[in-house]
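Structure, as structure tokens:
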Amino acid sequence: MLAKARIAVFVSGGGTNLQALIDALGGTLKSGEISLVISNSKDAYALQRAQRAGIPAYAVALKGAAFEARAEELLSRHKADVVVLAGFLRVLSDEFVSRYRGRMINIHPSLIPAFCGKGYYGLRVHEEVLKRGVKITGATVHYVNEIPDGGEIILQKAVEVHGDDTPETLQRRVMELAEWELLPAAAELVCRKVIGND
């Protein structure tokens, strides 16, 4: 039985969800430790967040199979048990995903199955929510499978849409009230399973 699961976090941008995970270590997230961060963009601010927290961070600015081969090498070197996609804006291959079945999770800024799937990420999700006049949105953490946003749901939380919302204000509220709370809690559930404490 492992003492703590070793988590690899994949990021593409600012890393607010990564920060939520870092802040939750030893609190909500006590069955896992972040052993590395991988970004597909060398300019991602998330890399600086990782470095400030003393976490090994790698920019892998490659595409397709080359990205996955390098990521696999890093995951192996750091003995990662769990992979968390935290604002990672790439779709991984079926083969890559299958290697981490039941151990790879993703955070999505809507209540799946609404506003999800190919092309639905970032502000686009919130723009569509407002365009459709939806009154309740939220966030979902799910297992990753071969279908974008199609894996089994782990946790969800609803967030109210306000009449004067812009995509940006709605995105911020969903992050603050749902994403930053759900992702560490879901990571804890998955880590507990992986180390056999559940």
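The way I read the labels, and the way they are meant: chains A, B, ... in the order of the structure tokens, residue 1 as the first residue of every chain, and ligand 1 as the first ligand shown, with later ones counted on from there.
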Which neighbours of range 177-188 of chain A fall inside 9 Å, counting only C-alpha atoms, when residues of the same chain fewer than 5 positions from it are skipped, and could you give them as a ChimeraX atom specification?
-> /A:7,16-25,28-32,82,84,86,105-109,138-142,154-159,172,193
If you keep N, CA and C atoms, can you produce a file of those selected residues as an mmCIF file, in the first residue's frame?
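So the final result, stored in result39.cif, reads:
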```
data_model
loop_
_atom_site.group_PDB
_atom_site.id
_atom_site.type_symbol
_atom_site.label_atom_id
_atom_site.label_comp_id
_atom_site.auth_asym_id
_atom_site.auth_seq_id
_atom_site.Cartn_x
_atom_site.Cartn_y
_atom_site.Cartn_z
ATOM 1 N N ILE A 7 0.826 12.506 -7.896
ATOM 2 C CA ILE A 7 -0.048 13.151 -8.881
ATOM 3 C C ILE A 7 0.777 13.925 -9.897
ATOM 4 N N THR A 16 -4.932 28.251 -12.345
ATOM 5 C CA THR A 16 -5.710 28.509 -11.126
ATOM 6 C C THR A 16 -6.174 27.194 -10.488
ATOM 7 N N ASN A 17 -6.512 26.204 -11.304
ATOM 8 C CA ASN A 17 -6.907 24.913 -10.743
ATOM 9 C C ASN A 17 -5.703 24.178 -10.140
ATOM 10 N N LEU A 18 -4.536 24.341 -10.749
ATOM 11 C CA LEU A 18 -3.310 23.798 -10.151
ATOM 12 C C LEU A 18 -3.098 24.432 -8.778
ATOM 13 N N GLN A 19 -3.296 25.752 -8.690
ATOM 14 C CA GLN A 19 -3.118 26.449 -7.415
ATOM 15 C C GLN A 19 -4.093 25.923 -6.359
ATOM 16 N N ALA A 20 -5.320 25.636 -6.788
ATOM 17 C CA ALA A 20 -6.312 25.075 -5.859
ATOM 18 C C ALA A 20 -5.834 23.729 -5.316
ATOM 19 N N LEU A 21 -5.218 22.925 -6.178
ATOM 20 C CA LEU A 21 -4.674 21.632 -5.740
ATOM 21 C C LEU A 21 -3.507 21.829 -4.764
ATOM 22 N N ILE A 22 -2.607 22.749 -5.102
ATOM 23 C CA ILE A 22 -1.449 23.034 -4.231
ATOM 24 C C ILE A 22 -1.942 23.502 -2.853
ATOM 25 N N ASP A 23 -2.923 24.426 -2.862
ATOM 26 C CA ASP A 23 -3.440 24.980 -1.606
ATOM 27 C C ASP A 23 -4.151 23.924 -0.758
ATOM 28 N N ALA A 24 -4.668 22.871 -1.414
ATOM 29 C CA ALA A 24 -5.423 21.832 -0.704
ATOM 30 C C ALA A 24 -4.542 20.725 -0.138
ATOM 31 N N LEU A 25 -3.245 20.707 -0.490
ATOM 32 C CA LEU A 25 -2.353 19.649 -0.019
ATOM 33 C C LEU A 25 -2.300 19.636 1.506
ATOM 34 N N THR A 28 -7.841 19.195 2.222
ATOM 35 C CA THR A 28 -8.778 18.371 1.443
ATOM 36 C C THR A 28 -8.038 17.243 0.737
ATOM 37 N N LEU A 29 -6.861 17.576 0.219
ATOM 38 C CA LEU A 29 -6.061 16.594 -0.533
ATOM 39 C C LEU A 29 -4.926 16.079 0.351
ATOM 40 N N LYS A 30 -5.206 14.992 1.082
ATOM 41 C CA LYS A 30 -4.180 14.464 1.998
ATOM 42 C C LYS A 30 -3.647 13.100 1.582
ATOM 43 N N SER A 31 -4.310 12.453 0.608
ATOM 44 C CA SER A 31 -3.869 11.115 0.187
ATOM 45 C C SER A 31 -2.979 11.174 -1.056
ATOM 46 N N GLY A 32 -2.674 12.398 -1.504
ATOM 47 C CA GLY A 32 -1.834 12.548 -2.696
ATOM 48 C C GLY A 32 -0.841 13.672 -2.534
ATOM 49 N N VAL A 82 -1.438 9.069 -10.550
ATOM 50 C CA VAL A 82 -2.687 9.716 -10.935
ATOM 51 C C VAL A 82 -2.351 10.897 -11.846
ATOM 52 N N VAL A 84 -4.000 14.428 -13.386
ATOM 53 C CA VAL A 84 -5.092 15.398 -13.286
ATOM 54 C C VAL A 84 -4.938 16.408 -14.418
ATOM 55 N N ALA A 86 -5.896 19.807 -15.549
ATOM 56 C CA ALA A 86 -6.403 21.004 -14.868
ATOM 57 C C ALA A 86 -6.270 22.196 -15.812
ATOM 58 N N ILE A 105 -8.177 12.160 -14.382
ATOM 59 C CA ILE A 105 -9.407 12.938 -14.237
ATOM 60 C C ILE A 105 -9.265 14.309 -14.894
ATOM 61 N N ASN A 106 -10.414 14.924 -15.171
ATOM 62 C CA ASN A 106 -10.446 16.232 -15.820
ATOM 63 C C ASN A 106 -11.503 17.095 -15.147
ATOM 64 N N ILE A 107 -11.245 18.406 -15.108
ATOM 65 C CA ILE A 107 -12.243 19.367 -14.627
ATOM 66 C C ILE A 107 -12.829 20.079 -15.839
ATOM 67 N N HIS A 108 -14.164 20.172 -15.881
ATOM 68 C CA HIS A 108 -14.837 20.843 -17.006
ATOM 69 C C HIS A 108 -15.795 21.896 -16.451
ATOM 70 N N PRO A 109 -15.822 23.108 -17.056
ATOM 71 C CA PRO A 109 -16.615 24.209 -16.489
ATOM 72 C C PRO A 109 -18.085 24.224 -16.899
ATOM 73 N N GLY A 138 -22.295 25.313 -13.785
ATOM 74 C CA GLY A 138 -21.473 24.742 -12.717
ATOM 75 C C GLY A 138 -20.212 24.124 -13.260
ATOM 76 N N ALA A 139 -19.722 23.107 -12.562
ATOM 77 C CA ALA A 139 -18.494 22.422 -12.981
ATOM 78 C C ALA A 139 -18.628 20.941 -12.673
ATOM 79 N N THR A 140 -17.835 20.157 -13.396
ATOM 80 C CA THR A 140 -17.845 18.704 -13.264
ATOM 81 C C THR A 140 -16.415 18.180 -13.257
ATOM 82 N N VAL A 141 -16.127 17.241 -12.367
ATOM 83 C CA VAL A 141 -14.878 16.480 -12.468
ATOM 84 C C VAL A 141 -15.278 15.065 -12.883
ATOM 85 N N HIS A 142 -14.586 14.566 -13.909
ATOM 86 C CA HIS A 142 -14.928 13.244 -14.433
ATOM 87 C C HIS A 142 -13.666 12.460 -14.764
ATOM 88 N N ILE A 154 -17.425 12.139 -11.424
ATOM 89 C CA ILE A 154 -17.001 11.912 -10.037
ATOM 90 C C ILE A 154 -17.746 12.884 -9.117
ATOM 91 N N LEU A 155 -17.665 14.176 -9.413
ATOM 92 C CA LEU A 155 -18.333 15.210 -8.611
ATOM 93 C C LEU A 155 -18.846 16.320 -9.517
ATOM 94 N N GLN A 156 -19.955 16.935 -9.107
ATOM 95 C CA GLN A 156 -20.476 18.114 -9.792
ATOM 96 C C GLN A 156 -20.941 19.121 -8.758
ATOM 97 N N LYS A 157 -20.947 20.405 -9.155
ATOM 98 C CA LYS A 157 -21.526 21.438 -8.294
ATOM 99 C C LYS A 157 -22.185 22.488 -9.173
ATOM 100 N N ALA A 158 -23.398 22.872 -8.790
ATOM 101 C CA ALA A 158 -24.153 23.871 -9.543
ATOM 102 C C ALA A 158 -23.787 25.287 -9.098
ATOM 103 N N VAL A 159 -23.851 26.217 -10.054
ATOM 104 C CA VAL A 159 -23.582 27.634 -9.796
ATOM 105 C C VAL A 159 -24.658 28.435 -10.530
ATOM 106 N N ARG A 172 -15.362 33.288 -13.788
ATOM 107 C CA ARG A 172 -14.732 33.509 -12.480
ATOM 108 C C ARG A 172 -15.569 32.885 -11.358
ATOM 109 N N LYS A 193 -8.465 5.742 -3.666
ATOM 110 C CA LYS A 193 -8.698 4.461 -4.372
ATOM 111 C C LYS A 193 -7.385 3.847 -4.822
#
```
Do you know which residues are at most 9 Å from range 59-61 of chain A counting only C-alpha atoms, after dropping those on the same chain fewer than 2 positions away, and could you put them as a ChimeraX atom specification?
-> /A:37-44,47,57,63,67,70-71
Residues just named, written with all heavy atoms as an mmCIF file, in the first residue's frame:
```
data_model
loop_
_atom_site.group_PDB
_atom_site.id
_atom_site.type_symbol
_atom_site.label_atom_id
_atom_site.label_comp_id
_atom_site.auth_asym_id
_atom_site.auth_seq_id
_atom_site.Cartn_x
_atom_site.Cartn_y
_atom_site.Cartn_z
ATOM 1 N N VAL A 37 4.450 18.743 -12.757
ATOM 2 C CA VAL A 37 3.496 19.501 -13.577
ATOM 3 C C VAL A 37 4.038 19.524 -14.995
ATOM 4 O O VAL A 37 5.231 19.768 -15.212
ATOM 5 C CB VAL A 37 3.327 20.937 -13.028
ATOM 6 C CG1 VAL A 37 2.528 21.813 -13.995
ATOM 7 C CG2 VAL A 37 2.653 20.909 -11.659
ATOM 8 N N ILE A 38 3.157 19.245 -15.959
ATOM 9 C CA ILE A 38 3.533 19.265 -17.376
ATOM 10 C C ILE A 38 2.622 20.242 -18.099
ATOM 11 O O ILE A 38 1.392 20.174 -17.960
ATOM 12 C CB ILE A 38 3.389 17.863 -18.013
ATOM 13 C CG1 ILE A 38 4.342 16.866 -17.363
ATOM 14 C CG2 ILE A 38 3.630 17.922 -19.523
ATOM 15 C CD1 ILE A 38 4.172 15.424 -17.846
ATOM 16 N N SER A 39 3.232 21.160 -18.852
ATOM 17 C CA SER A 39 2.446 22.096 -19.656
ATOM 18 C C SER A 39 2.781 21.916 -21.132
ATOM 19 O O SER A 39 3.943 21.678 -21.477
ATOM 20 C CB SER A 39 2.752 23.537 -19.250
ATOM 21 O OG SER A 39 2.086 24.427 -20.129
ATOM 22 N N ASN A 40 1.773 22.061 -21.987
ATOM 23 C CA ASN A 40 2.024 22.010 -23.432
ATOM 24 C C ASN A 40 2.390 23.393 -23.965
ATOM 25 O O ASN A 40 2.565 23.565 -25.161
ATOM 26 C CB ASN A 40 0.797 21.457 -24.176
ATOM 27 C CG ASN A 40 -0.430 22.323 -24.011
ATOM 28 O OD1 ASN A 40 -0.714 22.799 -22.917
ATOM 29 N ND2 ASN A 40 -1.159 22.537 -25.082
ATOM 30 N N SER A 41 2.509 24.381 -23.066
ATOM 31 C CA SER A 41 2.895 25.737 -23.465
ATOM 32 C C SER A 41 4.020 26.229 -22.564
ATOM 33 O O SER A 41 3.890 26.212 -21.341
ATOM 34 C CB SER A 41 1.696 26.672 -23.345
ATOM 35 O OG SER A 41 2.123 28.016 -23.380
ATOM 36 N N LYS A 42 5.097 26.688 -23.165
ATOM 37 C CA LYS A 42 6.235 27.156 -22.356
ATOM 38 C C LYS A 42 5.918 28.468 -21.646
ATOM 39 O O LYS A 42 6.583 28.846 -20.698
ATOM 40 C CB LYS A 42 7.507 27.274 -23.203
ATOM 41 C CG LYS A 42 7.426 28.243 -24.350
ATOM 42 C CD LYS A 42 8.732 28.249 -25.135
ATOM 43 C CE LYS A 42 8.746 29.072 -26.383
ATOM 44 N NZ LYS A 42 7.902 30.247 -26.451
ATOM 45 N N ASP A 43 4.878 29.184 -22.122
ATOM 46 C CA ASP A 43 4.513 30.473 -21.525
ATOM 47 C C ASP A 43 3.443 30.354 -20.440
ATOM 48 O O ASP A 43 2.989 31.363 -19.905
ATOM 49 C CB ASP A 43 3.995 31.431 -22.616
ATOM 50 C CG ASP A 43 5.043 31.664 -23.693
ATOM 51 O OD1 ASP A 43 6.229 31.788 -23.338
ATOM 52 O OD2 ASP A 43 4.679 31.702 -24.881
ATOM 53 N N ALA A 44 3.015 29.147 -20.123
ATOM 54 C CA ALA A 44 1.939 28.971 -19.139
ATOM 55 C C ALA A 44 2.379 29.465 -17.763
ATOM 56 O O ALA A 44 3.411 29.041 -17.241
ATOM 57 C CB ALA A 44 1.539 27.501 -19.069
ATOM 58 N N LEU A 47 3.382 27.076 -14.813
ATOM 59 C CA LEU A 47 4.745 26.580 -14.581
ATOM 60 C C LEU A 47 5.404 27.356 -13.440
ATOM 61 O O LEU A 47 6.109 26.776 -12.610
ATOM 62 C CB LEU A 47 5.580 26.679 -15.865
ATOM 63 C CG LEU A 47 5.138 25.764 -17.008
ATOM 64 C CD1 LEU A 47 5.844 26.150 -18.307
ATOM 65 C CD2 LEU A 47 5.400 24.297 -16.672
ATOM 66 N N ALA A 57 8.549 21.140 -12.774
ATOM 67 C CA ALA A 57 7.633 21.593 -13.819
ATOM 68 C C ALA A 57 8.319 21.546 -15.172
ATOM 69 O O ALA A 57 9.489 21.939 -15.295
ATOM 70 C CB ALA A 57 7.173 23.015 -13.516
ATOM 71 N N LYS A 63 3.656 18.502 -30.300
ATOM 72 C CA LYS A 63 2.282 18.155 -30.675
ATOM 73 C C LYS A 63 2.124 16.639 -30.801
ATOM 74 O O LYS A 63 3.090 15.921 -31.007
ATOM 75 C CB LYS A 63 1.928 18.817 -32.002
ATOM 76 C CG LYS A 63 1.929 20.349 -31.939
ATOM 77 C CD LYS A 63 0.945 20.920 -32.926
ATOM 78 C CE LYS A 63 0.919 22.422 -33.004
ATOM 79 N NZ LYS A 63 1.024 23.154 -31.791
ATOM 80 N N PHE A 67 4.428 14.877 -28.137
ATOM 81 C CA PHE A 67 4.072 15.364 -26.791
ATOM 82 C C PHE A 67 3.827 14.174 -25.866
ATOM 83 O O PHE A 67 4.345 14.128 -24.752
ATOM 84 C CB PHE A 67 2.820 16.250 -26.833
ATOM 85 C CG PHE A 67 2.306 16.586 -25.461
ATOM 86 C CD1 PHE A 67 2.814 17.672 -24.767
ATOM 87 C CD2 PHE A 67 1.347 15.791 -24.834
ATOM 88 C CE1 PHE A 67 2.377 17.959 -23.473
ATOM 89 C CE2 PHE A 67 0.899 16.068 -23.547
ATOM 90 C CZ PHE A 67 1.422 17.159 -22.867
ATOM 91 N N ARG A 70 7.002 12.227 -24.785
ATOM 92 C CA ARG A 70 7.778 12.967 -23.777
ATOM 93 C C ARG A 70 7.044 12.972 -22.428
ATOM 94 O O ARG A 70 7.654 12.781 -21.365
ATOM 95 C CB ARG A 70 8.033 14.395 -24.267
ATOM 96 C CG ARG A 70 8.733 15.299 -23.267
ATOM 97 C CD ARG A 70 10.166 14.881 -23.006
ATOM 98 N NE ARG A 70 10.828 15.840 -22.143
ATOM 99 C CZ ARG A 70 11.649 15.534 -21.154
ATOM 100 N NH1 ARG A 70 11.944 14.261 -20.911
ATOM 101 N NH2 ARG A 70 12.201 16.461 -20.418
ATOM 102 N N ALA A 71 5.718 13.165 -22.454
ATOM 103 C CA ALA A 71 4.933 13.160 -21.220
ATOM 104 C C ALA A 71 5.035 11.800 -20.540
ATOM 105 O O ALA A 71 5.225 11.713 -19.315
ATOM 106 C CB ALA A 71 3.481 13.507 -21.521
#
```
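Atom pair CA of Arg6 in chain A / CA of Ala80 in chain A has a distance of 4.9 Å (rounded to one decimal).
Near Ala69 in chain A, within 12 Å and counting only C-alpha atoms, sit Val60, Leu62, Lys63, Leu75, Ser76, Leu92, Ser93, Glu95 and Phe96 of chain A; same-chain residues fewer than 6 positions away were not included.
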If you measure from CA of Asp164 in chain A to CA of Lys131 in chain A, what distance in Å do you get, rounded to one decimal?
->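 Interatomic distance, CA of Asp164 in chain A to CA of Lys131 in chain A: 12.5 Å.
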Residues near Ile136 in chain A, cut-off 10 Å, only C-alpha atoms, skip fewer than 2 positions along chain, as a list in words | Ser110, Leu111, Val129, Gly133, Val134, Gly138, Ala158, Val159, Glu160, Val161 and His162 of chain A
Keeping all heavy atoms for every residue in the selection just given, could you write it to a file as a tab-separated table (two decimals), in the first residue's frame?
```tsv
chain	number	residue	atom	x	y	z
A	110	SER	N	-18.76	23.09	-16.80
A	110	SER	CA	-20.22	23.05	-16.99
A	110	SER	C	-20.74	21.81	-16.27
A	110	SER	O	-19.97	20.98	-15.81
A	110	SER	CB	-20.60	22.98	-18.47
A	110	SER	OG	-20.43	21.66	-18.98
A	111	LEU	N	-22.05	21.71	-16.20
A	111	LEU	CA	-22.67	20.51	-15.63
A	111	LEU	C	-22.84	19.50	-16.76
A	111	LEU	O	-23.83	19.52	-17.49
A	111	LEU	CB	-24.03	20.86	-14.99
A	111	LEU	CG	-23.96	21.76	-13.75
A	111	LEU	CD1	-25.36	22.16	-13.31
A	111	LEU	CD2	-23.21	21.08	-12.61
A	129	VAL	N	-23.45	29.11	-22.54
A	129	VAL	CA	-24.40	29.10	-21.42
A	129	VAL	C	-25.25	30.37	-21.46
A	129	VAL	O	-26.48	30.33	-21.36
A	129	VAL	CB	-23.66	28.98	-20.07
A	129	VAL	CG1	-24.55	29.35	-18.89
A	129	VAL	CG2	-23.11	27.56	-19.89
A	133	GLY	N	-29.39	31.13	-22.41
A	133	GLY	CA	-30.26	31.61	-21.35
A	133	GLY	C	-30.41	30.65	-20.18
A	133	GLY	O	-31.40	30.69	-19.44
A	134	VAL	N	-29.42	29.80	-19.99
A	134	VAL	CA	-29.44	28.83	-18.89
A	134	VAL	C	-29.34	29.57	-17.55
A	134	VAL	O	-28.61	30.54	-17.43
A	134	VAL	CB	-28.26	27.84	-19.07
A	134	VAL	CG1	-28.10	26.95	-17.87
A	134	VAL	CG2	-28.48	27.00	-20.32
A	138	GLY	N	-22.30	25.31	-13.78
A	138	GLY	CA	-21.47	24.74	-12.72
A	138	GLY	C	-20.21	24.12	-13.26
A	138	GLY	O	-19.69	24.55	-14.29
A	158	ALA	N	-23.40	22.87	-8.79
A	158	ALA	CA	-24.15	23.87	-9.54
A	158	ALA	C	-23.79	25.29	-9.10
A	158	ALA	O	-23.47	25.52	-7.93
A	158	ALA	CB	-25.65	23.63	-9.36
A	159	VAL	N	-23.85	26.22	-10.05
A	159	VAL	CA	-23.58	27.63	-9.80
A	159	VAL	C	-24.66	28.43	-10.53
A	159	VAL	O	-24.97	28.16	-11.68
A	159	VAL	CB	-22.18	28.04	-10.31
A	159	VAL	CG1	-21.95	29.54	-10.19
A	159	VAL	CG2	-21.09	27.28	-9.55
A	160	GLU	N	-25.21	29.43	-9.85
A	160	GLU	CA	-26.27	30.25	-10.43
A	160	GLU	C	-25.71	31.21	-11.49
A	160	GLU	O	-24.63	31.77	-11.32
A	160	GLU	CB	-26.92	31.05	-9.30
A	160	GLU	CG	-28.27	31.62	-9.64
A	160	GLU	CD	-28.89	32.36	-8.46
A	160	GLU	OE1	-28.67	31.93	-7.31
A	160	GLU	OE2	-29.57	33.35	-8.71
A	161	VAL	N	-26.46	31.38	-12.57
A	161	VAL	CA	-26.11	32.36	-13.60
A	161	VAL	C	-26.87	33.65	-13.28
A	161	VAL	O	-28.07	33.61	-13.03
A	161	VAL	CB	-26.51	31.85	-15.01
A	161	VAL	CG1	-26.16	32.90	-16.07
A	161	VAL	CG2	-25.84	30.52	-15.31
A	162	HIS	N	-26.18	34.79	-13.26
A	162	HIS	CA	-26.81	36.08	-12.97
A	162	HIS	C	-27.22	36.77	-14.27
A	162	HIS	O	-26.57	36.58	-15.31
A	162	HIS	CB	-25.86	36.98	-12.18
A	162	HIS	CG	-25.50	36.43	-10.83
A	162	HIS	ND1	-24.54	36.99	-10.02
A	162	HIS	CD2	-25.99	35.37	-10.13
A	162	HIS	CE1	-24.45	36.31	-8.89
A	162	HIS	NE2	-25.31	35.32	-8.94
```
Arg99 in chain A proximity check over A:Ile112, A:Ile153, A:Leu74, A:Val144, using only C-alpha atoms: winner is A:Val144
A:Leu123, A:Leu130, A:Val194, A:Leu36: which is nearest Arg77 in chain A, counting only C-alpha atoms?
->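 Counting only C-alpha atoms, the residue closest to Arg77 in chain A is A:Leu36.
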Residue set, range 1-180 of chain A restricted to strand (DSSP E or B), as a PyMOL selection string | chain A and resi 5-11+25+29+32-39+57-59+82-85+104-108+136-143+153-160
What does the distance from CA of Ser35 in chain A to CA of His78 in chain A come to in Å, to one decimal?
->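 The value is 6.5 Å.
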Determine which residues of chain A DSSP labels as helix (DSSP H, G or I) from the backbone of this structure, then write them out as a VMD selection string.
-> chain A and resid 16 to 24 45 to 52 64 to 77 94 to 99 123 to 132 167 to 194
Have a look at A:Ala3, A:Ala53, A:Ala8, A:Val174 and name the one nearest to Glu72 in chain A; count only C-alpha atoms.
->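 Looking at the shortest contact to Glu72 in chain A, the residue is A:Ala8.
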Would you kindly return, as a VMD selection string, each protein, DNA or RNA residue with an atom no farther than 9 Å from any atom of Phe88 in chain A, considering only C-alpha atoms and excluding same-chain residues fewer than 3 positions away?
-> chain A and resid 9 to 13 39 to 40 85 91 106
Go ahead and save the residues from that selection, with all heavy atoms, as a CSV table (one decimal), in the first residue's frame.
```csv
chain,number,residue,atom,x,y,z
A,9,VAL,N,0.1,16.8,-12.8
A,9,VAL,CA,-0.9,17.7,-13.2
A,9,VAL,C,-0.6,18.3,-14.6
A,9,VAL,O,0.5,18.8,-14.8
A,9,VAL,CB,-1.1,18.9,-12.2
A,9,VAL,CG1,-2.2,19.8,-12.7
A,9,VAL,CG2,-1.3,18.4,-10.8
A,10,PHE,N,-1.5,18.1,-15.6
A,10,PHE,CA,-1.3,18.7,-16.9
A,10,PHE,C,-2.0,20.0,-17.0
A,10,PHE,O,-3.2,20.1,-16.6
A,10,PHE,CB,-1.9,17.7,-18.0
A,10,PHE,CG,-1.1,16.5,-18.3
A,10,PHE,CD1,-0.2,15.9,-17.3
A,10,PHE,CD2,-1.1,15.9,-19.5
A,10,PHE,CE1,0.5,14.8,-17.6
A,10,PHE,CE2,-0.4,14.8,-19.8
A,10,PHE,CZ,0.5,14.2,-18.9
A,11,VAL,N,-1.3,21.0,-17.5
A,11,VAL,CA,-1.9,22.4,-17.6
A,11,VAL,C,-1.6,23.0,-19.0
A,11,VAL,O,-0.7,22.6,-19.7
A,11,VAL,CB,-1.3,23.3,-16.5
A,11,VAL,CG1,-1.7,22.8,-15.1
A,11,VAL,CG2,0.2,23.3,-16.6
A,12,SER,N,-2.3,24.1,-19.3
A,12,SER,CA,-2.1,24.8,-20.5
A,12,SER,C,-1.9,26.3,-20.3
A,12,SER,O,-1.4,27.0,-21.1
A,12,SER,CB,-3.2,24.6,-21.6
A,12,SER,OG,-3.1,23.3,-22.0
A,13,GLY,N,-2.5,26.8,-19.2
A,13,GLY,CA,-2.5,28.3,-19.0
A,13,GLY,C,-2.1,28.8,-17.7
A,13,GLY,O,-1.1,28.5,-17.1
A,39,SER,N,3.2,21.2,-18.9
A,39,SER,CA,2.4,22.1,-19.7
A,39,SER,C,2.8,21.9,-21.1
A,39,SER,O,3.9,21.7,-21.5
A,39,SER,CB,2.8,23.5,-19.3
A,39,SER,OG,2.1,24.4,-20.1
A,40,ASN,N,1.8,22.1,-22.0
A,40,ASN,CA,2.0,22.0,-23.4
A,40,ASN,C,2.4,23.4,-24.0
A,40,ASN,O,2.6,23.6,-25.2
A,40,ASN,CB,0.8,21.5,-24.2
A,40,ASN,CG,-0.4,22.3,-24.0
A,40,ASN,OD1,-0.7,22.8,-22.9
A,40,ASN,ND2,-1.2,22.5,-25.1
A,85,LEU,N,-6.0,16.5,-15.3
A,85,LEU,CA,-6.0,17.5,-16.3
A,85,LEU,C,-6.7,18.7,-15.7
A,85,LEU,O,-7.9,18.7,-15.5
A,85,LEU,CB,-6.7,17.0,-17.6
A,85,LEU,CG,-6.3,15.6,-18.1
A,85,LEU,CD1,-7.1,15.3,-19.4
A,85,LEU,CD2,-4.8,15.6,-18.4
A,91,VAL,N,-6.6,17.3,-26.5
A,91,VAL,CA,-7.3,16.0,-26.4
A,91,VAL,C,-6.2,14.9,-26.6
A,91,VAL,O,-5.4,15.0,-27.6
A,91,VAL,CB,-8.4,15.8,-27.5
A,91,VAL,CG1,-8.9,14.4,-27.5
A,91,VAL,CG2,-9.5,16.9,-27.3
A,106,ASN,N,-10.4,14.9,-15.2
A,106,ASN,CA,-10.4,16.2,-15.8
A,106,ASN,C,-11.5,17.1,-15.1
A,106,ASN,O,-12.5,16.6,-14.7
A,106,ASN,CB,-10.8,16.1,-17.3
A,106,ASN,CG,-10.9,17.4,-18.0
A,106,ASN,OD1,-10.0,18.2,-18.0
A,106,ASN,ND2,-12.0,17.6,-18.7
```
